[in-house]
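Asker: Input structure: target_14.txt, which contains compact mmCIF, C-alpha atoms.
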# COMPACT_ATOMS: atom_id res chain seq x y z
CA MET A 1 -182.32 112.73 -59.52
CA SER A 2 -183.12 115.41 -56.94
CA ALA A 3 -186.52 117.04 -57.49
CA LEU A 4 -186.51 119.57 -54.64
CA THR A 5 -183.29 121.06 -53.29
CA VAL A 6 -183.10 123.46 -50.35
CA LYS A 7 -179.74 124.98 -49.41
CA ASN A 8 -178.83 126.99 -46.30
CA LEU A 9 -182.37 128.23 -45.67
CA SER A 10 -182.42 130.79 -42.84
CA VAL A 11 -185.32 132.97 -41.70
CA VAL A 12 -185.28 135.80 -39.18
CA TYR A 13 -188.47 137.46 -37.94
CA GLN A 14 -188.41 140.96 -36.55
CA THR A 15 -190.49 141.47 -33.39
CA ARG A 16 -190.92 144.73 -31.52
CA LYS A 17 -188.08 143.88 -29.15
CA GLU A 18 -185.68 141.61 -31.04
CA LEU A 19 -184.76 139.59 -34.10
CA VAL A 20 -185.80 135.94 -33.72
CA LYS A 21 -184.17 133.12 -35.66
CA ALA A 22 -186.95 130.94 -37.06
CA LEU A 23 -184.64 128.80 -39.24
CA THR A 24 -180.86 128.48 -39.33
CA GLY A 25 -178.99 126.90 -42.25
CA VAL A 26 -181.54 124.21 -43.18
CA SER A 27 -180.52 122.07 -46.17
CA PHE A 28 -182.02 118.93 -47.71
CA GLU A 29 -182.82 117.20 -50.99
CA ILE A 30 -185.79 115.05 -52.03
CA GLU A 31 -185.46 112.55 -54.81
CA LYS A 32 -188.11 112.51 -57.52
CA GLY A 33 -191.11 110.40 -56.52
CA SER A 34 -190.07 110.10 -52.87
CA ALA A 35 -191.09 111.86 -49.64
CA LEU A 36 -189.24 113.63 -46.85
CA GLY A 37 -190.71 114.24 -43.41
CA LEU A 38 -190.16 117.26 -41.14
CA TRP A 39 -190.56 116.26 -37.48
CA GLY A 40 -190.57 118.51 -34.42
CA HIS A 41 -192.73 120.32 -31.91
CA SER A 42 -194.95 123.32 -32.70
CA GLY A 43 -192.81 126.36 -33.38
CA CYS A 44 -189.73 124.42 -34.51
CA GLY A 45 -189.86 125.80 -38.07
CA LYS A 46 -191.71 123.14 -40.09
CA SER A 47 -194.35 125.52 -41.48
CA THR A 48 -191.75 128.23 -42.05
CA ILE A 49 -189.76 125.89 -44.30
CA ILE A 50 -192.81 125.20 -46.47
CA LYS A 51 -193.68 128.89 -46.73
CA SER A 52 -190.06 129.87 -47.37
CA ILE A 53 -189.78 127.52 -50.34
CA LEU A 54 -192.44 129.69 -52.01
CA ALA A 55 -190.95 132.92 -50.57
CA LEU A 56 -194.19 133.55 -48.68
CA PRO A 57 -192.57 134.94 -45.47
CA MET A 58 -191.62 137.96 -47.55
CA ASP A 59 -194.77 139.67 -46.24
CA GLU A 60 -193.59 139.27 -42.63
CA PRO A 61 -191.12 141.67 -41.00
CA GLY A 62 -187.88 139.78 -41.32
CA TRP A 63 -185.24 138.25 -43.52
CA VAL A 64 -185.02 135.14 -45.72
CA GLU A 65 -181.75 133.66 -46.98
CA GLY A 66 -180.90 130.53 -48.91
CA GLU A 67 -181.94 128.76 -52.09
CA ALA A 68 -184.84 126.54 -53.08
CA SER A 69 -184.87 124.92 -56.52
CA PHE A 70 -187.14 122.43 -58.26
CA GLU A 71 -185.68 120.23 -60.98
CA GLY A 72 -182.60 122.45 -61.00
CA LYS A 73 -184.43 125.76 -61.46
CA PRO A 74 -184.99 128.40 -58.72
CA ILE A 75 -188.53 128.47 -57.39
CA ALA A 76 -188.70 132.06 -56.18
CA PRO A 77 -186.74 135.30 -56.64
CA ASP A 78 -183.81 136.06 -54.36
CA VAL A 79 -185.41 138.09 -51.56
CA ASN A 80 -182.00 139.51 -50.63
CA ASN A 81 -182.36 141.80 -53.64
CA TYR A 82 -185.43 143.39 -52.08
CA VAL A 83 -184.27 144.01 -48.51
CA ASP A 84 -182.72 147.24 -47.25
CA LEU A 85 -180.36 146.89 -44.28
CA SER A 86 -179.38 150.55 -44.09
CA ASN A 87 -180.23 150.51 -40.39
CA ARG A 88 -178.49 147.60 -38.66
CA ASP A 89 -181.31 147.00 -36.16
CA VAL A 90 -184.26 147.39 -38.51
CA ILE A 91 -185.10 145.32 -41.59
CA ARG A 92 -186.83 147.34 -44.29
CA LYS A 93 -188.33 145.59 -47.28
CA ASN A 94 -188.42 147.18 -50.68
CA ALA A 95 -191.20 145.36 -52.50
CA VAL A 96 -190.73 147.17 -55.83
CA GLY A 97 -190.35 144.46 -58.44
CA PHE A 98 -190.48 141.58 -55.95
CA TYR A 99 -194.10 140.55 -56.46
CA ARG A 100 -193.79 140.88 -60.24
CA ASN A 101 -190.79 138.54 -60.17
CA HIS A 102 -192.51 136.31 -57.64
CA ARG A 103 -195.48 135.81 -59.96
CA LYS A 104 -193.16 135.24 -62.92
CA LEU A 105 -191.25 132.43 -61.17
CA VAL A 106 -193.70 130.90 -58.70
CA ALA A 107 -197.06 131.15 -60.48
CA PRO A 108 -196.28 128.58 -63.21
CA HIS A 109 -195.30 126.05 -60.54
CA LEU A 110 -198.56 126.62 -58.69
CA LYS A 111 -200.50 125.55 -61.75
CA GLN A 112 -199.36 122.16 -63.01
CA SER A 113 -196.33 121.46 -60.82
CA PHE A 114 -196.99 122.33 -57.19
CA ARG A 115 -199.74 121.71 -54.68
CA THR A 116 -199.81 122.89 -51.08
CA ILE A 117 -201.73 121.98 -47.94
CA PHE A 118 -201.38 124.66 -45.29
CA GLN A 119 -202.31 124.37 -41.63
CA GLU A 120 -205.90 125.33 -40.79
CA PRO A 121 -207.17 125.10 -44.38
CA ILE A 122 -210.49 126.58 -43.27
CA TYR A 123 -208.74 129.94 -43.74
CA SER A 124 -207.45 129.01 -47.18
CA PHE A 125 -210.96 129.66 -48.50
CA GLU A 126 -212.59 133.08 -48.81
CA ALA A 127 -215.32 133.46 -46.21
CA ASP A 128 -217.90 135.29 -48.34
CA ARG A 129 -217.98 132.92 -51.33
CA TYR A 130 -219.27 129.39 -51.86
CA ILE A 131 -216.67 126.64 -51.58
CA GLY A 132 -217.81 125.04 -54.84
CA LEU A 133 -217.20 128.24 -56.79
CA GLN A 134 -213.73 128.64 -55.31
CA ILE A 135 -212.83 125.02 -56.15
CA ARG A 136 -213.93 125.47 -59.76
CA GLN A 137 -211.87 128.65 -60.09
CA VAL A 138 -208.78 126.87 -58.75
CA PHE A 139 -209.19 124.06 -61.27
CA THR A 140 -209.70 126.57 -64.10
CA HIS A 141 -206.45 128.20 -63.01
CA ILE A 142 -204.63 124.86 -62.92
CA ALA A 143 -206.03 124.01 -66.36
CA ASN A 144 -204.82 127.38 -67.68
CA GLY A 145 -208.32 128.26 -68.83
CA ASP A 146 -209.00 124.94 -70.59
CA GLN A 147 -212.61 124.28 -69.53
CA SER A 148 -212.55 120.67 -70.72
CA LEU A 149 -209.50 119.92 -68.54
CA ALA A 150 -210.99 121.88 -65.64
CA SER A 151 -214.12 119.71 -65.87
CA LYS A 152 -212.01 116.54 -65.76
CA LEU A 153 -210.17 117.85 -62.70
CA LEU A 154 -213.49 118.57 -61.00
CA ASP A 155 -214.68 115.02 -61.74
CA GLU A 156 -211.45 113.62 -60.26
CA PHE A 157 -211.92 115.81 -57.20
CA ALA A 158 -215.50 114.56 -56.76
CA ILE A 159 -214.25 110.96 -56.68
CA SER A 160 -211.46 111.79 -54.21
CA ILE A 161 -213.71 113.72 -51.85
CA GLU A 162 -216.19 110.82 -51.76
CA GLN A 163 -213.37 108.54 -50.62
CA LEU A 164 -212.99 110.95 -47.71
CA ASP A 165 -216.72 110.71 -46.83
CA LEU A 166 -217.83 114.02 -48.34
CA THR A 167 -219.68 114.84 -51.53
CA LEU A 168 -219.39 117.72 -53.96
CA ASP A 169 -223.13 118.38 -53.61
CA TYR A 170 -222.73 118.76 -49.84
CA ILE A 171 -219.92 121.32 -49.97
CA ASP A 172 -220.92 123.09 -53.20
CA ARG A 173 -223.23 125.74 -51.70
CA ARG A 174 -221.53 126.13 -48.33
CA ARG A 175 -219.00 128.68 -47.11
CA ASN A 176 -215.88 127.82 -45.14
CA LEU A 177 -217.33 128.79 -41.75
CA GLN A 178 -220.30 126.48 -42.38
CA LEU A 179 -217.92 123.53 -42.50
CA SER A 180 -215.88 121.93 -39.74
CA GLY A 181 -212.09 122.05 -39.64
CA GLY A 182 -211.97 118.37 -40.53
CA GLU A 183 -214.22 118.88 -43.56
CA CYS A 184 -212.05 121.75 -44.83
CA GLN A 185 -208.99 119.56 -44.27
CA ARG A 186 -210.48 116.83 -46.45
CA ILE A 187 -211.35 119.34 -49.18
CA ALA A 188 -207.81 120.75 -49.19
CA LEU A 189 -206.30 117.27 -49.31
CA ALA A 190 -208.54 116.13 -52.19
CA MET A 191 -207.72 119.30 -54.14
CA SER A 192 -203.98 118.81 -53.61
CA ILE A 193 -203.79 115.50 -55.48
CA VAL A 194 -205.99 116.37 -58.45
CA GLY A 195 -204.31 116.23 -61.84
CA THR A 196 -200.61 115.42 -62.13
CA PRO A 197 -198.79 117.43 -59.45
CA LYS A 198 -195.02 117.00 -59.42
CA LEU A 199 -194.54 118.31 -55.87
CA LEU A 200 -196.79 118.42 -52.81
CA LEU A 201 -195.87 120.61 -49.83
CA ALA A 202 -198.05 119.25 -47.03
CA ASP A 203 -198.19 120.91 -43.61
CA GLU A 204 -199.93 118.53 -41.17
CA PRO A 205 -202.00 117.05 -44.04
CA THR A 206 -204.24 114.84 -41.88
CA THR A 207 -204.72 116.97 -38.79
CA ALA A 208 -208.32 117.16 -37.51
CA LEU A 209 -209.16 113.85 -39.21
CA ASP A 210 -210.33 110.75 -37.36
CA ARG A 211 -208.17 107.62 -37.49
CA LYS A 212 -210.16 105.89 -40.25
CA THR A 213 -210.22 108.95 -42.52
CA ARG A 214 -206.53 109.57 -41.83
CA GLU A 215 -205.69 106.07 -43.06
CA VAL A 216 -207.70 106.62 -46.24
CA ALA A 217 -206.01 109.99 -46.81
CA ASN A 218 -202.55 108.49 -46.36
CA ASP A 219 -203.41 105.71 -48.82
CA MET A 220 -204.46 108.34 -51.37
CA LEU A 221 -201.18 110.24 -50.98
CA ILE A 222 -199.12 107.06 -51.30
CA GLU A 223 -201.07 106.02 -54.41
CA LYS A 224 -200.48 109.43 -56.02
CA MET A 225 -196.76 109.08 -55.41
CA ARG A 226 -196.75 105.57 -56.86
CA VAL A 227 -198.85 106.31 -59.96
CA ALA A 228 -197.92 109.91 -60.79
CA GLY A 229 -194.38 109.97 -59.38
CA MET A 230 -195.28 112.89 -57.12
CA THR A 231 -192.57 114.19 -54.78
CA MET A 232 -193.69 115.16 -51.29
CA LEU A 233 -192.48 117.24 -48.33
CA VAL A 234 -194.52 116.45 -45.22
CA ALA A 235 -194.49 118.39 -41.95
CA SER A 236 -196.06 116.33 -39.18
CA HIS A 237 -196.13 115.75 -35.43
CA ASN A 238 -197.31 112.21 -36.04
CA ARG A 239 -194.55 109.58 -36.00
CA LEU A 240 -196.90 106.85 -37.24
CA GLU A 241 -197.93 108.99 -40.19
CA LEU A 242 -194.31 109.69 -41.10
CA MET A 243 -193.58 105.96 -40.95
CA ARG A 244 -196.24 105.41 -43.61
CA LEU A 245 -195.61 108.35 -45.92
CA VAL A 246 -191.91 109.15 -46.07
CA GLU A 247 -188.58 107.52 -46.81
CA LYS A 248 -186.45 109.98 -44.83
CA VAL A 249 -186.97 112.23 -41.80
CA ILE A 250 -185.21 115.36 -40.59
CA VAL A 251 -185.76 116.49 -37.00
CA LEU A 252 -186.00 120.22 -36.24
CA CYS A 253 -185.39 121.91 -32.90
CA LYS A 254 -185.83 125.69 -32.75
CA GLY A 255 -185.24 126.04 -36.46
CA VAL A 256 -182.12 123.88 -36.55
CA VAL A 257 -181.78 120.38 -38.03
CA VAL A 258 -180.46 118.13 -35.25
CA GLU A 259 -180.99 114.68 -36.77
CA LYS A 260 -181.53 112.89 -40.10
CA PHE A 261 -182.53 109.27 -40.62
CA THR A 262 -184.38 106.87 -42.88
CA LYS A 263 -187.82 105.74 -41.78
CA GLU A 264 -186.51 102.31 -40.73
CA TRP A 265 -185.07 104.07 -37.69
CA LEU A 266 -188.59 105.01 -36.60
CA VAL A 267 -189.59 101.38 -36.10
CA ASP A 268 -187.78 99.57 -33.31
CA LYS A 269 -184.43 101.21 -32.57
CA PRO A 270 -183.49 101.77 -28.89
CA SER A 271 -184.02 105.32 -27.64
CA ASP A 272 -180.37 105.90 -26.72
CA MET A 273 -179.45 105.80 -30.41
CA PHE A 274 -181.25 109.14 -30.99
CA HIS A 275 -180.63 112.78 -30.15
CA PRO A 276 -182.02 113.65 -26.67
CA TYR A 277 -184.53 116.00 -28.30
CA THR A 278 -185.77 113.23 -30.60
CA ARG A 279 -186.13 110.92 -27.60
CA LYS A 280 -188.35 113.49 -25.93
CA LEU A 281 -190.41 113.85 -29.11
CA TRP A 282 -190.78 110.09 -29.41
CA PHE A 283 -191.89 109.36 -25.87
CA ALA A 284 -194.07 112.45 -25.52
CA VAL A 285 -196.39 111.23 -28.27
CA ASP A 286 -199.79 109.99 -27.12
CA GLU A 287 -200.17 106.91 -29.33
CA LYS A 288 -203.98 106.90 -28.88
CA ALA A 289 -204.55 110.50 -29.90
CA ASN A 290 -201.43 110.86 -32.07
CA ILE A 291 -200.81 114.36 -30.73
CA LEU A 292 -197.91 116.09 -29.08
CA PRO A 293 -198.62 117.27 -25.51
CA GLY A 294 -198.38 120.98 -24.76
CA GLU A 295 -195.52 120.61 -22.31
CA LEU A 296 -193.13 120.07 -25.21
CA GLN A 297 -193.43 123.70 -26.26
CA PRO A 298 -190.02 125.39 -26.40
CA THR A 299 -189.03 127.58 -23.47
CA ASP A 300 -186.84 129.84 -25.61
CA SER A 301 -187.84 131.44 -28.90
CA THR A 302 -184.28 131.41 -30.16
CA PHE A 303 -180.70 130.64 -29.19
CA SER A 304 -177.31 132.13 -29.89
CA SER A 305 -174.90 129.22 -30.30
CA GLY A 306 -174.32 125.59 -29.47
CA CYS A 307 -177.06 122.98 -29.43
CA PRO A 308 -180.59 124.45 -29.56
CA PHE A 309 -181.78 121.85 -27.04
CA TYR A 310 -179.08 122.28 -24.39
CA SER A 311 -181.24 124.29 -21.92
CA GLU A 312 -183.84 121.49 -21.82
CA CYS A 313 -181.52 118.48 -22.07
CA SER A 314 -181.53 116.45 -18.85
CA ILE A 315 -178.36 114.61 -19.93
CA ALA A 316 -176.38 117.83 -20.31
CA ALA A 317 -177.86 119.23 -17.10
CA ASN A 318 -176.26 116.38 -15.10
CA ASP A 319 -172.81 116.86 -16.63
CA LYS A 320 -171.27 120.31 -16.09
CA SER A 321 -168.53 120.00 -18.72
CA LEU A 322 -170.95 118.58 -21.29
CA LYS A 323 -173.43 121.36 -20.57
CA GLN A 324 -170.77 124.01 -21.24
CA LEU A 325 -169.83 122.28 -24.48
CA CYS A 326 -173.46 121.95 -25.59
CA GLN A 327 -174.20 125.57 -24.71
CA HIS A 328 -171.30 127.20 -26.54
CA SER A 329 -170.14 124.78 -29.26
CA GLN A 330 -172.39 123.79 -32.15
CA PRO A 331 -172.17 120.01 -32.65
CA ASN A 332 -171.25 118.62 -36.06
CA PHE A 333 -173.23 115.90 -37.80
CA VAL A 334 -171.75 112.43 -37.29
CA SER A 335 -172.87 109.00 -38.46
CA ALA A 336 -174.87 107.05 -35.89
CA GLY A 337 -175.54 104.07 -38.16
CA GLU A 338 -176.48 103.38 -41.75
CA GLY A 339 -178.92 106.04 -42.94
CA HIS A 340 -178.65 107.97 -39.66
CA GLU A 341 -176.85 111.23 -38.85
CA VAL A 342 -177.05 113.18 -35.60
CA ALA A 343 -175.68 116.54 -34.43
CA CYS A 344 -175.05 115.90 -30.74
CA HIS A 345 -171.95 116.06 -28.55
CA LEU A 346 -173.01 112.81 -26.89
CA PHE A 347 -172.22 111.04 -30.16
CA ASN A 348 -168.99 112.91 -30.87
CA THR A 349 -167.64 114.27 -27.58
CA THR A 350 -164.05 113.28 -28.35
CA ASN A 351 -163.96 114.97 -31.74
CA ASN A 352 -165.69 118.13 -30.56
CA ALA A 353 -164.03 118.57 -27.19
CA THR A 354 -161.16 120.47 -28.79
CA ASP A 355 -163.64 122.99 -30.25
CA GLY A 356 -164.04 124.16 -26.67
CA VAL A 357 -166.06 126.94 -25.16
I need this file expressed as structure tokens, please.
Answerer:
Amino acid sequence: MSALTVKNLSVVYQTRKELVKALTGVSFEIEKGSALGLWGHSGCGKSTIIKSILALPMDEPGWVEGEASFEGKPIAPDVNNYVDLSNRDVIRKNAVGFYRNHRKLVAPHLKQSFRTIFQEPIYSFEADRYIGLQIRQVFTHIANGDQSLASKLLDEFAISIEQLDLTLDYIDRRRNLQLSGGECQRIALAMSIVGTPKLLLADEPTTALDRKTREVANDMLIEKMRVAGMTMLVASHNRLELMRLVEKVIVLCKGVVVEKFTKEWLVDKPSDMFHPYTRKLWFAVDEKANILPGELQPTDSTFSSGCPFYSECSIAANDKSLKQLCQHSQPNFVSAGEGHEVACHLFNTTNNATDGV
């Protein structure tokens, strides 16, 4: 049974000069109790997917299309009903009624059902209030005002945070800016698994953690999935982390899904069995630091048609006809082995050649 379903998710941001495609037609499903990984460089759309599921980009100048449902029910209101396109070049948002409907649909999920870990969790806490007070208020909200349940959640949190080498006494009377990024990351992670969450949306959940703490954190997430049947969507740069946490991976390049595979393909498959973009991701990883070097940043913020990676693909650059095909014709997904699909003309040149330029 599919727990989380995302269909044709597209996001456009409006800058001063142009409309930028952040996501284009992203679709996937996650089975109950399993995990899906989002893999790609910074700026490829991983965080935007997580925010879009909760309709959070609504506050940004831009446009959100598509559907996101949990256990067959829509998660957020249709933002298309609250956007005015009277001027073709300008997106105007009409927020009347949107936030009321947003609270009506999303808020119940954010109590018992959903947990989120956003990037830079230091900014997820209010700067002028003690961390301990904010944590207690969150658990009271999750418990729907039941103080006995809120107390049990706090006790569970205290145990989890100790496993991550922090204590409730240490963080209780501190503010976010008095803690390091790694300490705030551990707090956010421990909070995310308290109680019985059905779905965890985790954006770089172990960033800023040392190797030992990262291993403990991953063990805690795996245990929560095993015991509570939690479903998880994980955005990560870290291939080794994805190998541990998820069953399936989708690869994003400039907001477009270019490859899908099961985690077995992350182990020992030869590089020429992957999309050229995925090969670059794979071999650019520093295995000691588990980070993605800065030179993998995209050179273009968006693209118009074809493969999103064509301008940086060394294989296409050395083949004029292939480059024209990659630039102007969007490749279809084809099977590249059991549990592996790839959208690349290298894998389906014969079938796509007739699509032409």
Asker: Do a neighbour search on Pro121 in chain A at 10 Å with only C-alpha atoms, toss out local chain neighbours closer than 5 positions, and write the hits as number ranges by chain.
Answerer: A: 176, 181-189, 203, 205
Asker: Hey, what's within 9 Å of Cys326 in chain A if we count only C-alpha atoms and toss same-chain stuff fewer than 6 positions away? As a ChimeraX atom specification, please?
Answerer: /A:305-311,316,344-345,357
Asker: Keeping only C-alpha atoms, take the residues you just selected and write them out as an mmCIF file, keeping the file's coordinate frame.
Answerer:
data_model
loop_
_atom_site.group_PDB
_atom_site.id
_atom_site.type_symbol
_atom_site.label_atom_id
_atom_site.label_comp_id
_atom_site.auth_asym_id
_atom_site.auth_seq_id
_atom_site.Cartn_x
_atom_site.Cartn_y
_atom_site.Cartn_z
ATOM 1 C CA SER A 305 -174.900 129.220 -30.300
ATOM 2 C CA GLY A 306 -174.320 125.590 -29.470
ATOM 3 C CA CYS A 307 -177.060 122.980 -29.430
ATOM 4 C CA PRO A 308 -180.590 124.450 -29.560
ATOM 5 C CA PHE A 309 -181.780 121.850 -27.040
ATOM 6 C CA TYR A 310 -179.080 122.280 -24.390
ATOM 7 C CA SER A 311 -181.240 124.290 -21.920
ATOM 8 C CA ALA A 316 -176.380 117.830 -20.310
ATOM 9 C CA CYS A 344 -175.050 115.900 -30.740
ATOM 10 C CA HIS A 345 -171.950 116.060 -28.550
ATOM 11 C CA VAL A 357 -166.060 126.940 -25.160
#
Asker: Please identify all polymer residues within 6 Å of range 90-106 of chain A, counting only C-alpha atoms, omitting same-chain residues fewer than 4 positions from it, and present them as an MDAnalysis selection string.
Answerer: chainID A and resid 75:77 82:85
Asker: With all atoms listed in the file as the basis for distance, which of A:Ser160, A:Pro108, A:Glu71, A:Thr167 is at the shortest distance from His141 in chain A?
Answerer: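 Answer, going by the shortest atom-to-atom distance: A:Pro108.
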Asker: Given only C-alpha atoms as the basis, pick out the residue of A:Leu38, A:Ala317, A:Ala343, A:Leu4 nearest to Ser236 in chain A.
Answerer: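 Residue with the minimum atom-to-atom distance to Ser236 in chain A: A:Leu38.
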Asker: Quick check, in Å to one decimal: how far apart do CA of Trp265 in chain A and CA of Phe347 in chain A lie?
Answerer: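 Pair CA of Trp265 in chain A / CA of Phe347 in chain A returns 16.4 Å.
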Asker: Enclose the full set of atoms of range 171-185 of chain A listed in the file within a box whose edges lie along x, y and z, apply 3 Å of padding to each of the six sides, and report centre and edge lengths in Å to one decimal as lines of an AutoDock Vina configuration file.
Answerer:
center_x = -216.1
center_y = 123.6
center_z = -46.4
size_x = 20.2
size_y = 16.4
size_z = 19.6
Asker: For Glu241 in chain A, find every residue with an atom within 9 Å (counting all atoms listed in the file), except residues of its own chain fewer than 5 positions away, and show them as a list in words.
Answerer: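 So the residues in contact are Thr206, Arg214, Glu215, Asn218, Ser236 and Val246 of chain A.
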Asker: Which of these residues is nearest to Lys51 in chain A, using only C-alpha atoms: A:Val20, A:Val11, A:Leu168, A:Ile222?
Answerer: A:Val11
Asker: Considering only C-alpha atoms, state which residue in the set A:Leu199, A:Ile131, A:Leu177, A:Met191 is at the smallest distance from Asp155 in chain A.
Answerer: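 Smallest distance to Asp155 in chain A is found for A:Met191.
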Asker: Please produce, as JSON lines, a per-residue contact table for range 184-226 of chain A versus range 143-149 of chain A (criterion: any atom at most 12 Å away, all atoms listed in the file considered), showing the nearest atom pair and its distance in Å to one decimal, sorted by chain then residue number.
Answerer:
{"residue": "A:Val194", "atom": "CA", "partner": "A:Ala143", "partner_atom": "CA", "distance": 11.0}
{"residue": "A:Gly195", "atom": "CA", "partner": "A:Ala143", "partner_atom": "CA", "distance": 9.2}
{"residue": "A:Thr196", "atom": "CA", "partner": "A:Ala143", "partner_atom": "CA", "distance": 11.0}
{"residue": "A:Pro197", "atom": "CA", "partner": "A:Ala143", "partner_atom": "CA", "distance": 12.0}
Asker: What gap, in Å, lies between CA of Leu19 in chain A and CA of His237 in chain A?
Answerer: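 These atoms are spaced 26.4 Å apart.
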